[in-house]
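For reference, upload-v2.cif (mmCIF, C-alpha atoms (C1' of nucleotides)):
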data_work
loop_
_atom_site.label_atom_id
_atom_site.label_comp_id
_atom_site.auth_asym_id
_atom_site.auth_seq_id
_atom_site.Cartn_x
_atom_site.Cartn_y
_atom_site.Cartn_z
CA MET J 1 -118.85 -3.89 11.10
CA PRO J 2 -115.62 -5.72 10.91
CA GLU J 3 -115.24 -5.54 7.14
CA PHE J 4 -111.90 -7.18 6.60
CA LYS J 5 -110.41 -5.65 3.50
CA ASP J 6 -107.75 -7.60 1.70
CA LEU J 7 -104.23 -6.90 2.86
CA ASP J 8 -101.83 -6.35 -0.03
CA PRO J 9 -99.92 -9.63 0.05
CA LEU J 10 -96.80 -7.89 -1.14
CA LEU J 11 -96.76 -5.82 2.00
CA HIS J 12 -98.11 -8.45 4.34
CA SER J 13 -94.70 -9.99 4.80
CA GLN J 14 -92.56 -9.28 7.80
CA LEU J 15 -89.41 -8.47 5.90
CA ARG J 16 -90.96 -6.51 3.06
CA LEU J 17 -93.02 -4.54 5.55
CA ALA J 18 -89.88 -3.74 7.53
CA ILE J 19 -88.12 -2.59 4.39
CA MET J 20 -90.98 -0.29 3.49
CA SER J 21 -91.23 0.94 7.04
CA LEU J 22 -87.58 1.87 7.00
CA LEU J 23 -87.74 3.56 3.63
CA ILE J 24 -90.67 5.68 4.67
CA GLY J 25 -88.57 7.52 7.18
CA VAL J 26 -85.61 8.29 4.97
CA GLU J 27 -84.69 9.77 1.63
CA SER J 28 -82.99 6.54 0.62
CA ALA J 29 -81.25 3.60 2.22
CA GLU J 30 -78.43 1.29 1.27
CA PHE J 31 -78.64 -2.47 1.05
CA VAL J 32 -76.25 -3.02 3.92
CA PHE J 33 -78.06 -0.57 6.14
CA ILE J 34 -81.40 -2.24 5.50
CA LYS J 35 -79.79 -5.58 6.15
CA GLU J 36 -78.52 -4.43 9.51
CA GLN J 37 -81.72 -2.77 10.59
CA THR J 38 -83.94 -5.65 9.62
CA GLY J 39 -81.60 -8.44 10.62
CA ALA J 40 -82.34 -10.18 7.34
CA THR J 41 -79.89 -12.38 5.51
CA ALA J 42 -78.47 -10.86 2.35
CA GLY J 43 -80.13 -13.48 0.18
CA ASN J 44 -83.54 -12.99 1.59
CA LEU J 45 -83.17 -9.24 1.44
CA SER J 46 -82.06 -9.37 -2.16
CA VAL J 47 -85.13 -11.37 -3.13
CA GLN J 48 -87.57 -9.18 -1.25
CA ILE J 49 -86.07 -5.93 -2.52
CA ASP J 50 -86.48 -7.34 -5.97
CA LYS J 51 -90.14 -8.06 -5.41
CA LEU J 52 -90.84 -4.59 -4.09
CA SER J 53 -88.95 -3.17 -7.01
CA GLN J 54 -90.83 -5.32 -9.54
CA ALA J 55 -94.06 -4.03 -8.06
CA GLY J 56 -92.89 -0.45 -8.41
CA TYR J 57 -93.10 0.10 -4.67
CA ILE J 58 -89.44 1.04 -4.44
CA SER J 59 -86.78 2.13 -6.89
CA VAL J 60 -83.38 0.55 -6.77
CA GLU J 61 -80.19 2.10 -7.97
CA LYS J 62 -77.04 0.10 -8.43
CA SER J 63 -73.79 1.98 -8.44
CA PHE J 64 -70.37 1.77 -6.89
CA ARG J 65 -68.87 3.32 -3.84
CA GLY J 66 -65.19 3.29 -4.57
CA LYS J 67 -64.75 -0.15 -5.97
CA LYS J 68 -67.58 -1.87 -4.15
CA PRO J 69 -71.08 -2.33 -5.44
CA LEU J 70 -73.68 -0.18 -3.80
CA THR J 71 -77.40 -0.78 -3.90
CA THR J 72 -79.59 2.11 -2.90
CA CYS J 73 -83.34 1.89 -2.35
CA LYS J 74 -85.96 4.54 -2.27
CA ILE J 75 -89.70 4.35 -1.78
CA THR J 76 -91.83 5.46 -4.73
CA SER J 77 -95.09 7.36 -4.53
CA LYS J 78 -96.86 4.19 -5.60
CA GLY J 79 -95.15 2.39 -2.76
CA LEU J 80 -96.07 5.05 -0.30
CA LYS J 81 -99.70 4.88 -1.32
CA ALA J 82 -99.70 1.09 -1.12
CA PHE J 83 -98.19 1.26 2.34
CA GLU J 84 -100.77 3.76 3.53
CA ASP J 85 -103.59 1.64 2.15
CA TYR J 86 -102.15 -1.40 3.80
CA VAL J 87 -101.95 0.31 7.17
CA ARG J 88 -105.46 1.65 6.82
CA ASN J 89 -106.85 -1.78 6.03
CA LEU J 90 -104.85 -3.37 8.77
CA GLN J 91 -106.41 -1.08 11.34
CA HIS J 92 -109.69 -2.92 10.87
CA TYR J 93 -107.99 -6.10 11.98
CA ILE J 94 -106.14 -4.80 14.97
CA GLY J 95 -108.85 -2.56 16.25
CA LYS J 96 -108.46 1.17 16.50
CA MET C 1 -85.03 3.14 16.54
CA PRO C 2 -86.93 0.91 14.22
CA GLU C 3 -86.31 -2.34 16.07
CA PHE C 4 -88.41 -4.78 14.14
CA LYS C 5 -89.53 -7.44 16.52
CA ASP C 6 -90.63 -10.74 15.05
CA LEU C 7 -94.28 -10.96 14.22
CA ASP C 8 -95.88 -14.16 15.46
CA PRO C 9 -96.25 -16.05 12.19
CA LEU C 10 -99.39 -17.70 13.43
CA LEU C 11 -101.07 -14.35 13.65
CA HIS C 12 -99.40 -12.77 10.67
CA SER C 13 -101.86 -14.32 8.29
CA GLN C 14 -104.79 -12.43 6.91
CA LEU C 15 -107.41 -15.02 7.69
CA ARG C 16 -106.14 -16.07 11.10
CA LEU C 17 -105.77 -12.45 12.08
CA ALA C 18 -109.33 -11.77 11.00
CA ILE C 19 -110.57 -14.72 13.02
CA MET C 20 -108.78 -13.49 16.11
CA SER C 21 -109.95 -9.97 15.51
CA LEU C 22 -113.53 -11.16 15.37
CA LEU C 23 -113.23 -13.32 18.45
CA ILE C 24 -111.79 -10.50 20.48
CA GLY C 25 -115.02 -8.58 20.28
CA VAL C 26 -117.38 -11.37 21.23
CA GLU C 27 -117.94 -14.01 23.84
CA SER C 28 -117.83 -16.70 21.19
CA ALA C 29 -118.58 -17.15 17.52
CA GLU C 30 -119.87 -19.92 15.32
CA PHE C 31 -118.09 -21.36 12.33
CA VAL C 32 -120.68 -20.12 9.88
CA PHE C 33 -120.65 -16.63 11.32
CA ILE C 34 -116.88 -16.40 11.08
CA LYS C 35 -117.07 -17.73 7.56
CA GLU C 36 -119.52 -15.00 6.58
CA GLN C 37 -117.66 -12.20 8.27
CA THR C 38 -114.30 -13.13 6.87
CA GLY C 39 -115.45 -14.26 3.44
CA ALA C 40 -113.27 -17.34 3.77
CA THR C 41 -114.06 -20.66 2.19
CA ALA C 42 -115.14 -23.34 4.62
CA GLY C 43 -112.07 -25.43 3.88
CA ASN C 44 -109.62 -22.68 4.49
CA LEU C 45 -111.44 -21.60 7.61
CA SER C 46 -111.47 -25.13 8.94
CA VAL C 47 -107.70 -25.40 8.53
CA GLN C 48 -106.94 -22.05 10.08
CA ILE C 49 -109.25 -22.56 13.03
CA ASP C 50 -107.44 -25.80 13.59
CA LYS C 51 -104.07 -24.08 13.66
CA LEU C 52 -105.22 -21.45 16.10
CA SER C 53 -106.73 -24.16 18.22
CA GLN C 54 -103.56 -26.29 18.11
CA ALA C 55 -101.63 -23.26 19.30
CA GLY C 56 -104.03 -22.76 22.16
CA TYR C 57 -105.03 -19.33 20.89
CA ILE C 58 -108.67 -20.32 20.66
CA SER C 59 -110.82 -23.05 22.07
CA VAL C 60 -113.19 -24.93 19.81
CA GLU C 61 -116.33 -26.67 20.88
CA LYS C 62 -118.15 -29.07 18.62
CA SER C 63 -121.78 -29.72 19.37
CA PHE C 64 -125.11 -29.87 17.61
CA ARG C 65 -127.82 -27.34 17.07
CA GLY C 66 -130.87 -29.46 16.54
CA LYS C 67 -129.54 -32.06 14.15
CA LYS C 68 -126.78 -30.01 12.56
CA PRO C 69 -123.17 -29.84 13.65
CA LEU C 70 -122.15 -26.64 15.32
CA THR C 71 -118.61 -25.43 15.81
CA THR C 72 -118.12 -22.66 18.30
CA CYS C 73 -114.89 -20.74 18.80
CA LYS C 74 -113.70 -18.65 21.67
CA ILE C 75 -110.47 -16.79 22.22
CA THR C 76 -108.32 -17.98 25.11
CA SER C 77 -106.28 -15.80 27.44
CA LYS C 78 -103.16 -17.10 25.74
CA GLY C 79 -104.64 -16.07 22.41
CA LEU C 80 -105.54 -12.66 23.72
CA LYS C 81 -102.04 -12.10 24.97
CA ALA C 82 -100.53 -13.27 21.69
CA PHE C 83 -102.79 -10.93 19.80
CA GLU C 84 -101.86 -8.00 21.98
CA ASP C 85 -98.16 -8.75 21.58
CA TYR C 86 -98.60 -9.04 17.87
CA VAL C 87 -100.32 -5.68 17.64
CA ARG C 88 -97.71 -4.05 19.83
CA ASN C 89 -94.89 -5.37 17.67
CA LEU C 90 -96.69 -4.46 14.51
CA GLN C 91 -96.92 -0.85 15.60
CA HIS C 92 -93.18 -0.55 15.09
CA TYR C 93 -93.64 -1.45 11.47
CA ILE C 94 -96.56 0.75 10.65
CA GLY C 95 -95.45 3.76 12.59
CA LYS C 96 -97.34 5.04 15.56
"C1'" DT B 1 -50.53 -14.68 -4.30
"C1'" DA B 2 -53.41 -16.89 -1.17
"C1'" DA B 3 -56.92 -16.22 2.33
"C1'" DA B 4 -60.54 -13.59 3.99
"C1'" DG B 5 -63.99 -10.11 3.51
"C1'" DT B 6 -67.71 -7.37 1.04
"C1'" DA B 7 -71.83 -7.00 -1.49
"C1'" DG B 8 -74.64 -9.00 -3.34
"C1'" DT B 9 -77.54 -12.94 -6.63
"C1'" DT B 10 -79.30 -17.49 -7.69
"C1'" DT B 11 -81.35 -21.60 -6.56
"C1'" DA B 12 -83.21 -25.18 -3.77
"C1'" DT B 13 -86.12 -26.37 -0.01
"C1'" DA B 14 -89.34 -25.98 3.60
"C1'" DT B 15 -93.50 -23.76 5.03
"C1'" DT B 16 -98.04 -21.63 4.07
"C1'" DA B 17 -102.12 -20.55 2.20
"C1'" DT B 18 -105.79 -21.85 -0.50
"C1'" DA B 19 -109.01 -24.19 -3.23
"C1'" DA B 20 -110.90 -28.27 -4.75
"C1'" DA B 21 -112.68 -32.51 -3.70
"C1'" DC B 22 -114.90 -35.04 -0.55
"C1'" DC B 23 -118.17 -36.75 3.37
"C1'" DA B 24 -122.29 -37.40 6.27
"C1'" DA B 25 -126.49 -35.99 7.68
"C1'" DA B 26 -130.78 -33.35 6.92
"C1'" DC B 27 -134.11 -31.14 4.15
"C1'" DG B 28 -137.37 -30.22 0.24
"C1'" DC B 29 -140.62 -32.11 -2.71
"C1'" DA B 30 -142.68 -34.81 -6.60
"C1'" DT M 1 -140.00 -43.08 -0.85
"C1'" DG M 2 -136.40 -41.94 -3.27
"C1'" DC M 3 -133.47 -38.29 -5.41
"C1'" DG M 4 -131.33 -33.94 -5.70
"C1'" DT M 5 -129.87 -30.00 -2.82
"C1'" DT M 6 -128.25 -27.72 1.18
"C1'" DT M 7 -125.67 -27.43 5.46
"C1'" DG M 8 -121.62 -27.84 8.00
"C1'" DG M 9 -117.92 -29.09 7.90
"C1'" DT M 10 -112.86 -32.09 6.90
"C1'" DT M 11 -109.16 -33.90 4.05
"C1'" DT M 12 -105.99 -33.55 0.53
"C1'" DA M 13 -103.63 -31.67 -3.37
"C1'" DT M 14 -101.54 -27.69 -5.40
"C1'" DA M 15 -99.86 -23.14 -5.82
"C1'" DA M 16 -97.49 -19.44 -3.70
"C1'" DT M 17 -94.06 -17.68 -0.19
"C1'" DA M 18 -90.39 -17.21 2.64
"C1'" DT M 19 -85.93 -18.45 3.73
"C1'" DA M 20 -81.41 -20.28 3.89
"C1'" DA M 21 -77.69 -22.16 1.63
"C1'" DA M 22 -74.72 -22.05 -2.02
"C1'" DC M 23 -72.62 -19.39 -5.23
"C1'" DT M 24 -70.42 -15.25 -7.91
"C1'" DA M 25 -67.46 -11.47 -8.50
"C1'" DC M 26 -64.59 -8.46 -6.91
"C1'" DT M 27 -61.51 -6.26 -3.20
"C1'" DT M 28 -58.62 -5.94 0.65
"C1'" DT M 29 -55.15 -7.67 3.64
"C1'" DA M 30 -51.15 -10.35 4.98
#

Could you write out this structure as structure tokens?
Amino acid sequence: MPEFKDLDPLLHSQLRLAIMSLLIGVESAEFVFIKEQTGATAGNLSVQIDKLSQAGYISVEKSFRGKKPLTTCKITSKGLKAFEDYVRNLQHYIGK
Amino acid sequence: MPEFKDLDPLLHSQLRLAIMSLLIGVESAEFVFIKEQTGATAGNLSVQIDKLSQAGYISVEKSFRGKKPLTTCKITSKGLKAFEDYVRNLQHYIGK
DNA sequence: TAAAGTAGTTTATATTATAAACCAAACGCA
DNA sequence: TGCGTTTGGTTTATAATATAAACTACTTTA
């Protein structure tokens, strides 16, 4: 019984998935760190962080470190649940 | 070490992934069967089968059953390898 | 004070996915 | 025998996405 459940389109995106994947392992992560880890361009990252934030999957805090802007991201419980659902559904596609 | 390898964009698509997933388990599958299993519209399925075929991930045979056209799909070894790579890379994203 | 760097955001474009419209043949049946 | 319906698709138009390029604002360095 294959049964291909829909994959949350918000998570079925390489970059957004990587962002979520990163955030799952940590308390919070900074924009620049995420940028480095994912290899994304700043522009793309900015857009995708915004989408995840709009969806309530992550929370974003803008502050300053010294004089420079600092964007910090954190996964929300809604985001965590969405990620877990996504992974569960995905298993049906990739066997196992 | 996260290390987010690129996910083959040809496979990182819900419908194409479902098609490949289906084909992995069987010798071959007919258009109508794939359509039923995936819930895709015929048009969308036609397009996506074409893309997978163009990429050499599946082979497509057009024949007739009785008087009706019959499209049969089969995964190729190239497709199998691509799928396996995709799954392996994906694991980095979804933990495990 | 001018050039270069940091940390982003905005916007324009290219790519994708998807549905809607279409086509040809076959079938059902009055 | 014609006329509508179904089957098995393909083609094409549109909507959604991803991405890079251009830009902004401020800071640091020389």

Discussion item. Can you translate the PyMOL selection byres ((chain J) within 7 of (chain C)) into the concrete residues it hits in this file, as a list in words?
Written reply: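 When the PyMOL selection byres ((chain J) within 7 of (chain C)) is applied, the selected residues are Phe4, Leu7, Gln14, Leu17, Ala18, Ser21, Thr38, Val87, Tyr93 and Ile94 of chain J.
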
Fill in: Residue hits in chain B, query chain C, radius 10 Å, all atoms listed in the file, as a list in words
DT16, DA17, DT18, DA19, DA20, DA25 and DA26 of chain B

Practice prompt. Report as a PyMOL selection string the residues that result from applying the PyMOL selection byres ((chain M) within 8 of (chain C)) to the structure here.
Written response: chain M and resi 7-10

Discussion item. Can you translate the PyMOL selection byres ((chain B and resi 1) around 12) into the concrete residues it hits in this file, as a count of residues only?
Written reply: 4

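Of note, atom CA of Ile34 of chain C and atom CA of Asp85 of chain C are spaced 22.8 Å apart.
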
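Relative to atom CA of Val26 of chain C, atom CA of Ser59 of chain C is found at 13.4 Å.
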
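The gap separating atom CA of Glu27 of chain J from atom CA of Ile75 of chain J is 8.1 Å, in Å to one decimal.
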